[in-house]
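Dropping target.cif in here (mmCIF, C-alpha atoms):
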data_input
loop_
_atom_site.label_atom_id
_atom_site.label_comp_id
_atom_site.auth_asym_id
_atom_site.auth_seq_id
_atom_site.Cartn_x
_atom_site.Cartn_y
_atom_site.Cartn_z
CA MET A 180 -22.47 -10.94 -32.85
CA GLU A 181 -23.22 -12.79 -29.63
CA LYS A 182 -25.97 -11.49 -27.37
CA ALA A 183 -25.47 -11.52 -23.62
CA LEU A 184 -27.73 -10.98 -20.65
CA LEU A 185 -25.90 -9.00 -17.96
CA VAL A 186 -26.50 -9.59 -14.26
CA GLY A 187 -25.42 -7.14 -11.56
CA VAL A 188 -25.76 -7.74 -7.84
CA TRP A 189 -25.61 -4.67 -5.61
CA THR A 190 -24.11 -5.62 -2.26
CA LYS A 191 -24.07 -3.49 0.88
CA ASP A 192 -20.33 -2.78 0.61
CA LYS A 193 -20.86 -0.71 -2.58
CA GLU A 194 -22.29 2.74 -3.16
CA GLU A 195 -25.06 2.97 -5.76
CA TRP A 196 -22.86 4.95 -8.18
CA GLU A 197 -20.13 2.29 -7.87
CA PHE A 198 -22.66 -0.40 -8.74
CA ASP A 199 -23.96 1.58 -11.75
CA ASP A 200 -20.40 2.31 -12.88
CA SER A 201 -19.41 -1.33 -12.66
CA LEU A 202 -22.37 -2.50 -14.75
CA HIS A 203 -21.71 0.18 -17.35
CA GLU A 204 -18.10 -0.99 -17.47
CA LEU A 205 -19.25 -4.60 -17.89
CA GLU A 206 -21.21 -3.55 -20.98
CA SER A 207 -18.09 -1.83 -22.35
CA LEU A 208 -16.10 -5.01 -21.74
CA LEU A 209 -18.75 -7.00 -23.58
CA LYS A 210 -18.55 -4.67 -26.59
CA THR A 211 -14.75 -4.98 -26.59
CA ALA A 212 -15.16 -8.77 -26.67
CA GLY A 213 -17.41 -8.45 -29.73
CA GLY A 214 -20.79 -8.94 -28.07
CA GLU A 215 -23.88 -6.86 -27.41
CA LYS A 216 -26.24 -6.50 -24.46
CA ALA A 217 -29.62 -8.19 -24.83
CA PHE A 218 -30.91 -7.29 -21.37
CA GLU A 219 -29.71 -6.22 -17.93
CA LEU A 220 -30.88 -7.70 -14.65
CA ARG A 221 -30.18 -6.00 -11.31
CA GLN A 222 -30.63 -7.07 -7.71
CA LYS A 223 -29.88 -5.42 -4.39
CA VAL A 224 -29.02 -7.97 -1.71
CA HIS A 225 -28.01 -7.94 1.93
CA GLU A 226 -26.76 -11.51 1.83
CA LEU A 227 -25.44 -13.60 -1.07
CA HIS A 228 -26.83 -17.06 -1.81
CA SER A 229 -23.99 -19.57 -1.45
CA ALA A 230 -25.37 -22.03 -4.01
CA THR A 231 -26.53 -19.69 -6.80
CA TYR A 232 -25.20 -16.24 -5.77
CA ILE A 233 -28.66 -14.71 -6.37
CA GLY A 234 -31.84 -15.73 -4.57
CA LYS A 235 -34.57 -18.07 -5.84
CA GLY A 236 -36.87 -15.25 -6.96
CA LYS A 237 -34.21 -13.48 -9.01
CA LEU A 238 -33.00 -16.81 -10.39
CA ALA A 239 -36.54 -17.55 -11.61
CA GLU A 240 -36.65 -14.07 -13.19
CA LEU A 241 -33.32 -14.75 -14.89
CA LYS A 242 -34.59 -18.10 -16.18
CA GLN A 243 -37.66 -16.42 -17.67
CA ALA A 244 -35.54 -13.70 -19.32
CA VAL A 245 -33.30 -16.36 -20.86
CA ALA A 246 -36.33 -18.24 -22.19
CA GLU A 247 -37.82 -15.08 -23.72
CA LEU A 248 -34.66 -13.45 -25.11
CA ASN A 249 -32.63 -16.57 -25.96
CA PRO A 250 -29.18 -14.98 -25.32
CA ASP A 251 -25.97 -16.78 -26.21
CA LEU A 252 -24.66 -16.38 -22.69
CA VAL A 253 -25.25 -14.77 -19.29
CA ILE A 254 -22.51 -12.63 -17.74
CA PHE A 255 -22.36 -11.87 -14.01
CA ASP A 256 -20.59 -8.68 -12.98
CA ASN A 257 -19.41 -10.49 -9.86
CA GLU A 258 -16.94 -13.37 -9.64
CA LEU A 259 -18.75 -16.67 -9.27
CA THR A 260 -17.46 -19.81 -7.61
CA PRO A 261 -17.32 -22.93 -9.82
CA VAL A 262 -20.28 -24.40 -7.92
CA GLN A 263 -22.38 -21.26 -8.33
CA ALA A 264 -21.71 -21.07 -12.07
CA ARG A 265 -22.63 -24.74 -12.57
CA ASN A 266 -25.80 -24.43 -10.49
CA ILE A 267 -26.96 -21.33 -12.36
CA GLU A 268 -26.24 -22.93 -15.75
CA LYS A 269 -28.20 -26.02 -14.76
CA GLU A 270 -31.17 -23.94 -13.63
CA ILE A 271 -31.40 -21.50 -16.56
CA ASP A 272 -30.02 -23.77 -19.33
CA CYS A 273 -27.62 -21.15 -20.68
CA HIS A 274 -23.85 -20.66 -20.73
CA VAL A 275 -22.74 -18.56 -17.71
CA ILE A 276 -19.49 -16.64 -17.26
CA ASP A 277 -18.38 -13.93 -14.85
CA ARG A 278 -16.48 -10.64 -15.13
CA THR A 279 -13.07 -12.30 -14.73
CA GLN A 280 -13.72 -14.75 -17.55
CA LEU A 281 -14.89 -11.91 -19.81
CA ILE A 282 -11.70 -9.94 -19.12
CA LEU A 283 -9.58 -13.02 -19.85
CA ASP A 284 -11.44 -13.42 -23.13
CA ILE A 285 -10.54 -9.85 -24.12
CA PHE A 286 -6.94 -10.55 -23.15
CA ALA A 287 -6.97 -13.58 -25.46
CA LEU A 288 -8.17 -11.37 -28.31
CA HIS A 289 -5.52 -8.70 -27.74
CA ALA A 290 -2.44 -10.78 -26.87
CA LYS A 291 0.06 -10.05 -29.64
CA THR A 292 3.47 -10.90 -28.17
CA LYS A 293 4.80 -14.23 -26.96
CA GLU A 294 4.84 -12.98 -23.38
CA GLY A 295 1.31 -11.63 -23.68
CA ARG A 296 0.00 -14.95 -24.97
CA LEU A 297 1.81 -16.89 -22.24
CA GLN A 298 0.40 -14.63 -19.53
CA VAL A 299 -3.13 -14.96 -20.88
CA GLU A 300 -2.79 -18.73 -21.16
CA LEU A 301 -1.53 -18.93 -17.59
CA ALA A 302 -4.35 -16.74 -16.25
CA GLN A 303 -6.95 -18.81 -18.11
CA ALA A 304 -5.48 -22.08 -16.88
CA VAL A 305 -5.32 -20.94 -13.25
CA TYR A 306 -8.87 -19.60 -13.47
CA ARG A 307 -10.25 -22.81 -14.99
CA LEU A 308 -8.36 -25.31 -12.86
CA PRO A 309 -11.01 -25.41 -10.10
CA ARG A 310 -13.73 -25.28 -12.78
CA LEU A 311 -12.78 -28.46 -14.68
CA VAL A 312 -15.66 -30.47 -13.21
CA GLY A 313 -18.73 -30.18 -15.39
CA MET A 314 -16.99 -28.16 -18.13
CA GLY A 315 -16.82 -30.89 -20.75
CA LYS A 316 -19.04 -29.14 -23.28
CA GLU A 317 -17.43 -25.71 -22.91
CA MET A 318 -13.90 -27.08 -22.82
CA SER A 319 -14.29 -28.60 -26.27
CA ARG A 320 -15.30 -25.26 -27.81
CA LEU A 321 -12.04 -23.98 -29.27
CA GLY A 322 -12.67 -20.34 -30.09
CA GLY A 323 -16.38 -21.02 -29.62
CA GLY A 324 -17.38 -17.57 -28.45
CA ILE A 325 -17.10 -15.06 -25.64
CA GLY A 326 -15.58 -16.60 -22.54
CA THR A 327 -14.17 -19.61 -24.39
CA ARG A 328 -11.43 -18.13 -26.59
CA GLY A 329 -7.71 -18.21 -26.14
CA PRO A 330 -4.55 -20.22 -26.48
CA GLY A 331 -5.29 -22.30 -23.40
CA GLU A 332 -8.59 -23.78 -24.62
CA THR A 333 -7.52 -27.09 -26.17
CA LYS A 334 -5.19 -27.81 -23.25
CA LEU A 335 -8.07 -27.48 -20.81
CA GLU A 336 -9.60 -30.66 -22.24
CA ALA A 337 -6.89 -32.59 -20.45
CA LYS A 338 -7.18 -33.89 -16.94
CA ARG A 339 -6.33 -31.85 -13.87
CA ARG A 340 -2.86 -33.36 -13.59
CA VAL A 341 -1.97 -32.33 -17.15
CA LEU A 342 -3.30 -28.82 -16.55
CA VAL A 343 -1.23 -28.46 -13.38
CA LEU A 344 1.87 -29.50 -15.35
CA LYS A 345 0.99 -26.98 -18.05
CA ILE A 346 0.71 -24.19 -15.47
CA ARG A 347 4.16 -25.15 -14.23
CA GLU A 348 5.57 -25.00 -17.78
CA LEU A 349 3.99 -21.60 -18.44
CA LYS A 350 5.43 -20.18 -15.23
CA LYS A 351 8.85 -21.52 -16.22
CA GLU A 352 8.68 -19.84 -19.65
CA LEU A 353 7.53 -16.56 -18.13
CA LYS A 354 10.32 -16.77 -15.58
CA ALA A 355 12.86 -17.01 -18.43
CA LEU A 356 11.36 -13.94 -20.12
CA LYS A 357 11.36 -12.15 -16.78
CA LYS A 358 15.07 -12.93 -16.36
CA GLN A 359 15.80 -11.59 -19.85
CA ARG A 360 13.95 -8.36 -19.11
CA GLY A 361 15.78 -8.10 -15.80
CA ILE A 362 19.12 -8.16 -17.63
CA GLN A 363 17.94 -5.38 -19.95
CA ARG A 364 16.70 -3.39 -16.96
CA LYS A 365 20.01 -3.81 -15.12
CA THR A 366 21.85 -2.45 -18.17
CA ARG A 367 19.69 0.68 -18.08
CA ILE A 368 20.19 1.09 -14.34
CA ASP A 369 23.96 0.66 -14.70
CA ARG A 370 23.92 3.40 -17.31
CA HIS A 371 21.92 5.57 -14.90
CA ILE A 372 18.98 5.87 -17.30
CA PRO A 373 15.82 6.70 -15.32
CA ILE A 374 12.79 4.44 -15.79
CA VAL A 375 9.36 6.08 -16.01
CA SER A 376 6.20 3.97 -16.32
CA LEU A 377 2.79 4.93 -17.63
CA VAL A 378 0.07 3.49 -15.43
CA GLY A 379 -3.64 4.04 -15.08
CA TYR A 380 -7.09 2.89 -16.01
CA THR A 381 -7.55 0.98 -19.23
CA ASN A 382 -8.27 3.17 -22.28
CA SER A 383 -7.04 6.36 -20.60
CA GLY A 384 -4.66 7.02 -23.51
CA LYS A 385 -1.35 5.68 -22.18
CA SER A 386 -0.23 4.21 -25.51
CA THR A 387 -1.18 7.39 -27.37
CA LEU A 388 0.85 9.39 -24.86
CA LEU A 389 3.91 7.15 -25.27
CA ARG A 390 3.59 7.45 -29.04
CA ALA A 391 3.50 11.25 -28.76
CA LEU A 392 6.41 11.51 -26.31
CA SER A 393 8.67 9.00 -28.08
CA LYS A 394 7.61 10.15 -31.56
CA ASP A 395 7.26 6.51 -32.56
CA GLN A 396 4.18 6.13 -34.76
CA ASP A 397 4.54 2.33 -34.83
CA ILE A 398 3.28 1.97 -31.25
CA TYR A 399 -0.06 0.18 -31.36
CA VAL A 400 -2.98 2.39 -30.34
CA ALA A 401 -6.66 1.43 -30.23
CA ASP A 402 -9.82 2.89 -28.73
CA ALA A 403 -10.48 -0.31 -26.82
CA LEU A 404 -10.15 -1.73 -23.33
CA PHE A 405 -6.89 -3.61 -22.67
CA ALA A 406 -5.32 -2.86 -26.07
CA THR A 407 -1.86 -3.15 -24.43
CA LEU A 408 -1.01 -6.36 -22.54
CA SER A 409 2.79 -6.62 -22.71
CA PRO A 410 5.19 -3.83 -21.67
CA VAL A 411 6.16 -1.48 -24.49
CA THR A 412 9.44 0.36 -23.85
CA ARG A 413 10.75 3.41 -25.68
CA LYS A 414 13.41 6.07 -25.14
CA VAL A 415 12.11 9.59 -24.57
CA PHE A 416 14.39 12.60 -24.94
CA MET A 417 13.98 15.29 -22.29
CA PRO A 418 14.38 19.11 -22.58
CA SER A 419 17.74 18.89 -20.77
CA ARG A 420 18.93 16.49 -23.52
CA SER A 421 18.95 13.60 -21.08
CA THR A 422 17.13 10.35 -21.86
CA VAL A 423 14.56 8.34 -19.93
CA VAL A 424 13.18 4.89 -20.60
CA MET A 425 9.39 4.96 -20.65
CA ASN A 426 7.20 1.87 -20.23
CA ASP A 427 3.60 1.47 -21.32
CA THR A 428 1.88 -1.19 -19.23
CA VAL A 429 -1.37 -3.15 -19.07
CA GLY A 430 -4.31 -0.98 -18.04
CA PHE A 431 -6.02 -1.20 -14.67
CA ILE A 432 -9.68 -1.83 -13.93
CA GLN A 433 -11.72 -1.67 -10.75
CA GLY A 434 -11.73 -4.87 -8.74
CA ILE A 435 -8.95 -6.34 -10.89
CA PRO A 436 -9.10 -10.11 -10.24
CA HIS A 437 -6.31 -11.76 -8.27
CA THR A 438 -5.95 -14.32 -11.10
CA ILE A 439 -4.90 -11.57 -13.49
CA ILE A 440 -2.55 -9.88 -11.02
CA GLU A 441 -0.74 -13.17 -10.41
CA ALA A 442 -0.42 -14.07 -14.10
CA PHE A 443 0.74 -10.58 -15.09
CA MET A 444 3.10 -10.05 -12.16
CA ALA A 445 6.11 -10.10 -14.50
CA THR A 446 4.56 -7.22 -16.43
CA PHE A 447 3.68 -5.33 -13.26
CA GLU A 448 7.27 -5.79 -12.10
CA GLU A 449 8.32 -3.21 -14.69
CA ILE A 450 6.25 -0.71 -12.74
CA ARG A 451 7.92 -1.58 -9.44
CA PHE A 452 11.39 -0.79 -10.80
CA SER A 453 10.40 2.70 -11.96
CA GLN A 454 11.74 5.93 -10.49
CA LEU A 455 8.53 7.76 -11.42
CA LEU A 456 5.00 6.75 -12.35
CA LEU A 457 2.80 8.78 -14.67
CA LEU A 458 -0.75 8.01 -13.58
CA VAL A 459 -2.67 8.78 -16.77
CA VAL A 460 -6.31 9.79 -16.29
CA ASP A 461 -9.05 10.27 -18.87
CA ALA A 462 -10.06 13.83 -17.97
CA SER A 463 -13.26 13.53 -20.03
CA ASP A 464 -14.52 10.66 -17.87
CA PRO A 465 -17.10 12.00 -15.37
CA ARG A 466 -15.90 9.38 -12.86
CA TYR A 467 -12.20 10.23 -13.14
CA GLU A 468 -11.81 10.52 -9.36
CA ALA A 469 -13.08 6.97 -8.89
CA LYS A 470 -10.70 5.77 -11.61
CA ILE A 471 -7.77 7.48 -9.86
CA ASN A 472 -8.68 5.74 -6.60
CA ALA A 473 -9.08 2.38 -8.37
CA SER A 474 -5.65 2.82 -9.99
CA ARG A 475 -4.04 3.62 -6.64
CA ARG A 476 -5.59 0.47 -5.16
CA VAL A 477 -4.02 -1.62 -7.93
CA LEU A 478 -0.64 0.04 -7.31
CA ASP A 479 -1.01 -0.96 -3.68
CA LYS A 480 -1.82 -4.57 -4.67
CA ILE A 481 1.27 -4.85 -6.86
CA GLU A 482 3.44 -3.24 -4.15
CA ALA A 483 4.19 -0.09 -6.14
CA SER A 484 2.40 2.48 -3.97
CA ASP A 485 5.68 3.86 -2.57
CA ILE A 486 6.92 5.08 -5.99
CA PRO A 487 6.45 8.82 -6.70
CA VAL A 488 3.38 9.51 -8.84
CA LEU A 489 2.73 12.36 -11.27
CA LEU A 490 -0.94 12.74 -12.20
CA VAL A 491 -1.41 13.32 -15.93
CA PHE A 492 -4.89 14.30 -17.07
CA ASN A 493 -5.20 13.27 -20.72
CA LYS A 494 -7.85 14.04 -23.37
CA CYS A 495 -8.10 17.64 -22.11
CA ASP A 496 -8.96 18.76 -25.64
CA LEU A 497 -12.44 17.41 -24.86
CA LEU A 498 -12.90 19.79 -21.89
CA ASP A 499 -13.98 23.40 -21.69
CA GLU A 500 -11.85 25.89 -19.75
CA ALA A 501 -14.09 25.74 -16.66
CA LYS A 502 -13.58 21.99 -16.36
CA ARG A 503 -9.84 22.30 -16.88
CA GLU A 504 -9.67 24.95 -14.15
CA LEU A 505 -11.62 22.68 -11.79
CA ILE A 506 -9.07 19.89 -12.29
CA ARG A 507 -6.18 22.31 -11.72
CA THR A 508 -7.82 23.40 -8.45
CA GLN A 509 -8.49 19.82 -7.34
CA TYR A 510 -5.05 18.53 -8.32
CA PRO A 511 -2.61 21.47 -8.38
CA GLU A 512 0.43 19.20 -8.84
CA SER A 513 -1.03 17.52 -11.93
CA VAL A 514 -0.36 18.16 -15.62
CA LEU A 515 -3.12 18.56 -18.22
CA VAL A 516 -2.39 17.36 -21.76
CA SER A 517 -3.89 15.98 -24.93
CA ALA A 518 -1.77 13.13 -26.25
CA LEU A 519 -3.85 12.95 -29.41
CA LYS A 520 -3.52 16.67 -30.20
CA LYS A 521 0.03 16.79 -28.75
CA THR A 522 -0.82 19.83 -26.62
CA ASP A 523 1.09 20.83 -23.45
CA LEU A 524 3.59 17.98 -23.82
CA PRO A 525 6.57 20.30 -23.07
CA ASN A 526 4.97 21.06 -19.67
CA LEU A 527 4.71 17.33 -19.04
CA LEU A 528 8.36 16.72 -19.92
CA ASP A 529 9.39 19.53 -17.54
CA ALA A 530 7.26 17.98 -14.79
CA ILE A 531 8.83 14.56 -15.40
CA GLU A 532 12.34 16.00 -15.07
CA ALA A 533 11.35 17.84 -11.88
CA GLY A 534 9.85 14.64 -10.46
CA LEU A 535 12.98 12.64 -11.25
CA ARG A 536 15.18 15.31 -9.64
CA ARG A 537 13.07 15.15 -6.46
CA GLU A 538 13.24 11.36 -6.43
CA THR A 539 17.04 11.44 -6.82
CA ALA A 540 17.40 14.01 -4.02
CA GLU A 541 15.15 11.99 -1.68
CA LYS A 542 17.06 8.80 -2.47
CA THR A 543 20.34 10.55 -1.67
CA ASN A 544 18.93 11.79 1.64
CA ARG A 545 17.72 8.28 2.55
CA GLN A 546 21.16 6.83 1.83
CA THR A 547 22.84 9.59 3.88
CA PHE A 548 20.70 8.99 6.94
#
Show me the file's structure as structure tokens.
Amino acid sequence: MEKALLVGVWTKDKEEWEFDDSLHELESLLKTAGGEKAFELRQKVHELHSATYIGKGKLAELKQAVAELNPDLVIFDNELTPVQARNIEKEIDCHVIDRTQLILDIFALHAKTKEGRLQVELAQAVYRLPRLVGMGKEMSRLGGGIGTRGPGETKLEAKRRVLVLKIRELKKELKALKKQRGIQRKTRIDRHIPIVSLVGYTNSGKSTLLRALSKDQDIYVADALFATLSPVTRKVFMPSRSTVVMNDTVGFIQGIPHTIIEAFMATFEEIRFSQLLLLVVDASDPRYEAKINASRRVLDKIEASDIPVLLVFNKCDLLDEAKRELIRTQYPESVLVSALKKTDLPNLLDAIEAGLRRETAEKTNRQTF
């Protein structure tokens, strides 16, 4: 198991709890990637250092920690520029990656479908394109550890021109898959089958919920971040005997990098064509309000914020009655369920039907006026 030294920089645009939350999440990402934390270094700054991101004093402290603990790599919770990463590596003599690269590494581990692998390869290639200079050693490490895995590794040994051509090829392949999914979607729309998408923070239980609602036990479920990368679509039968198509989608995370949004836009497109979104929330997470806000920000980024949203608080079997009542008071229009225990799912199905009826009525009114 690889050991990593985590570095978090607290900037003035973040609250202290946001900073703490982000670093805790970085450790969870590291565990998902198969690593463990050796040490954690924090710094509060008013101004970032353009050459090394952190100041000279903290850089010296980091260098000393690396010398004493001998970690396999150093992971910054903030996105580094190529120049910053190279300068830090040169100074501390240790492999350096950032949060985005760690997330891409997890994606490489979890990509199971052709589309998932293509999207990961594209995201890795786009991320590494400006980082080709000075990456000779790392680029030759096929599957060499955290931050270096994935289907795009051997191709990154090529020159910039070859990588640019590869990016073009990947986009072309993804475009073909997107077209194929568009045909399937049009068929559903022509048949007037409503599309409902499960969205929300990673590891909130979306796949478990789809498995429970569709009664398909073959849907992959794992207690891990980003277990689902490609859209999973199933039919769900409603109390009125009608049918909806339900999509499970890639999970969100705070500060989701632009690189990932661009590469996974075909996946996110499934969300944009939905008539209703089920924003699934881990009710047992003490920071669930922050996760709701982070999810809404991602919906805004992918241009899906105008689609009706039904809040679904999952994992409610882990709450006492007082906590459940607090959530009901805070979010009276929400539904509380346990996908794992299959409790209160009939209430959720009723709420989905009601939401779809409202959406249909509002659409009719818009067309009339």
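The spacing separating CA of Ile531 in chain A from CA of Lys357 in chain A amounts to 26.9 Å.
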If we count all atoms listed in the file, what is near range 204-218 of chain A at a cut-off of 8 Å, once residues fewer than 2 positions away on the same chain are taken out, given as a PyMOL selection string? chain A and resi 180-185+200-202+220+248+250+256+278+281-282+284-285+288+325+403-404
Carefully work through the PyMOL selection byres ((chain A and resi 304) around 8) for this structure and note down the residues it includes, as an NGL selection string. :A and (300-303 or 305-308 or 331 or 335 or 342 or 346)
Which residues would end up in the selection if the PyMOL selection byres ((chain A and resi 386) around 10) were applied here, given that I need the answer as a ChimeraX atom specification? /A:377,382-385,387-392,398-401,406-407,411,426-430,518
Nearest to Arg451 in chain A: which of A:Pro436, A:Gly234, A:Pro487, A:Gly379 is it, counting all atoms listed in the file? A:Pro487
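Polymer residues near (-6.2, -1.4, -11.0): counting only C-alpha atoms with a cut-off of 10 Å, they are Val378, Gly379, Tyr380, Thr381, Val429, Gly430, Phe431, Ile432, Gln433, Gly434, Ile435, Pro436, Ile440, Lys470, Ile471, Asn472, Ala473, Ser474, Arg475, Arg476, Val477, Leu478, Asp479, Lys480 and Ile481 of chain A.
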Selection from above, C-alpha atoms, as a PDB file, in the frame of the given file, can you write it?
ATOM      1  CA  VAL A 378       0.070   3.490 -15.430  1.00  0.00           C
ATOM      2  CA  GLY A 379      -3.640   4.040 -15.080  1.00  0.00           C
ATOM      3  CA  TYR A 380      -7.090   2.890 -16.010  1.00  0.00           C
ATOM      4  CA  THR A 381      -7.550   0.980 -19.230  1.00  0.00           C
ATOM      5  CA  VAL A 429      -1.370  -3.150 -19.070  1.00  0.00           C
ATOM      6  CA  GLY A 430      -4.310  -0.980 -18.040  1.00  0.00           C
ATOM      7  CA  PHE A 431      -6.020  -1.200 -14.670  1.00  0.00           C
ATOM      8  CA  ILE A 432      -9.680  -1.830 -13.930  1.00  0.00           C
ATOM      9  CA  GLN A 433     -11.720  -1.670 -10.750  1.00  0.00           C
ATOM     10  CA  GLY A 434     -11.730  -4.870  -8.740  1.00  0.00           C
ATOM     11  CA  ILE A 435      -8.950  -6.340 -10.890  1.00  0.00           C
ATOM     12  CA  PRO A 436      -9.100 -10.110 -10.240  1.00  0.00           C
ATOM     13  CA  ILE A 440      -2.550  -9.880 -11.020  1.00  0.00           C
ATOM     14  CA  LYS A 470     -10.700   5.770 -11.610  1.00  0.00           C
ATOM     15  CA  ILE A 471      -7.770   7.480  -9.860  1.00  0.00           C
ATOM     16  CA  ASN A 472      -8.680   5.740  -6.600  1.00  0.00           C
ATOM     17  CA  ALA A 473      -9.080   2.380  -8.370  1.00  0.00           C
ATOM     18  CA  SER A 474      -5.650   2.820  -9.990  1.00  0.00           C
ATOM     19  CA  ARG A 475      -4.040   3.620  -6.640  1.00  0.00           C
ATOM     20  CA  ARG A 476      -5.590   0.470  -5.160  1.00  0.00           C
ATOM     21  CA  VAL A 477      -4.020  -1.620  -7.930  1.00  0.00           C
ATOM     22  CA  LEU A 478      -0.640   0.040  -7.310  1.00  0.00           C
ATOM     23  CA  ASP A 479      -1.010  -0.960  -3.680  1.00  0.00           C
ATOM     24  CA  LYS A 480      -1.820  -4.570  -4.670  1.00  0.00           C
ATOM     25  CA  ILE A 481       1.270  -4.850  -6.860  1.00  0.00           C
TER      26      ILE A 481
END
Would you pick out the contacts of range 263-270 of chain A at 12 Å or less, using only C-alpha atoms, so that residues sharing its chain but fewer than 6 positions from it are not included, and give the list as a PyMOL selection string? chain A and resi 186+227-235+237-243+245-246+252-255+257+276-277+280+307+309-315+317
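Residue nearest Val516 in chain A, chosen from A:Ala462, A:Ala533, A:Glu538, A:His274 and counting only C-alpha atoms: A:Ala462.
Between CA of Arg536 in chain A and CA of Asp496 in chain A the interatomic distance comes to 29.2 Å.
For the pair CA of Glu512 in chain A and CA of Leu458 in chain A, the separation is 12.2 Å.
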Proximity to Ala483 in chain A - best of A:Phe452, A:Lys521, A:Glu468, A:Val415, only C-alpha atoms: A:Phe452
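Using only C-alpha atoms for every distance, the candidate list A:Lys414, A:Glu194, A:Leu515, A:Val224 yields A:Leu515 as the residue closest to Glu500 in chain A.
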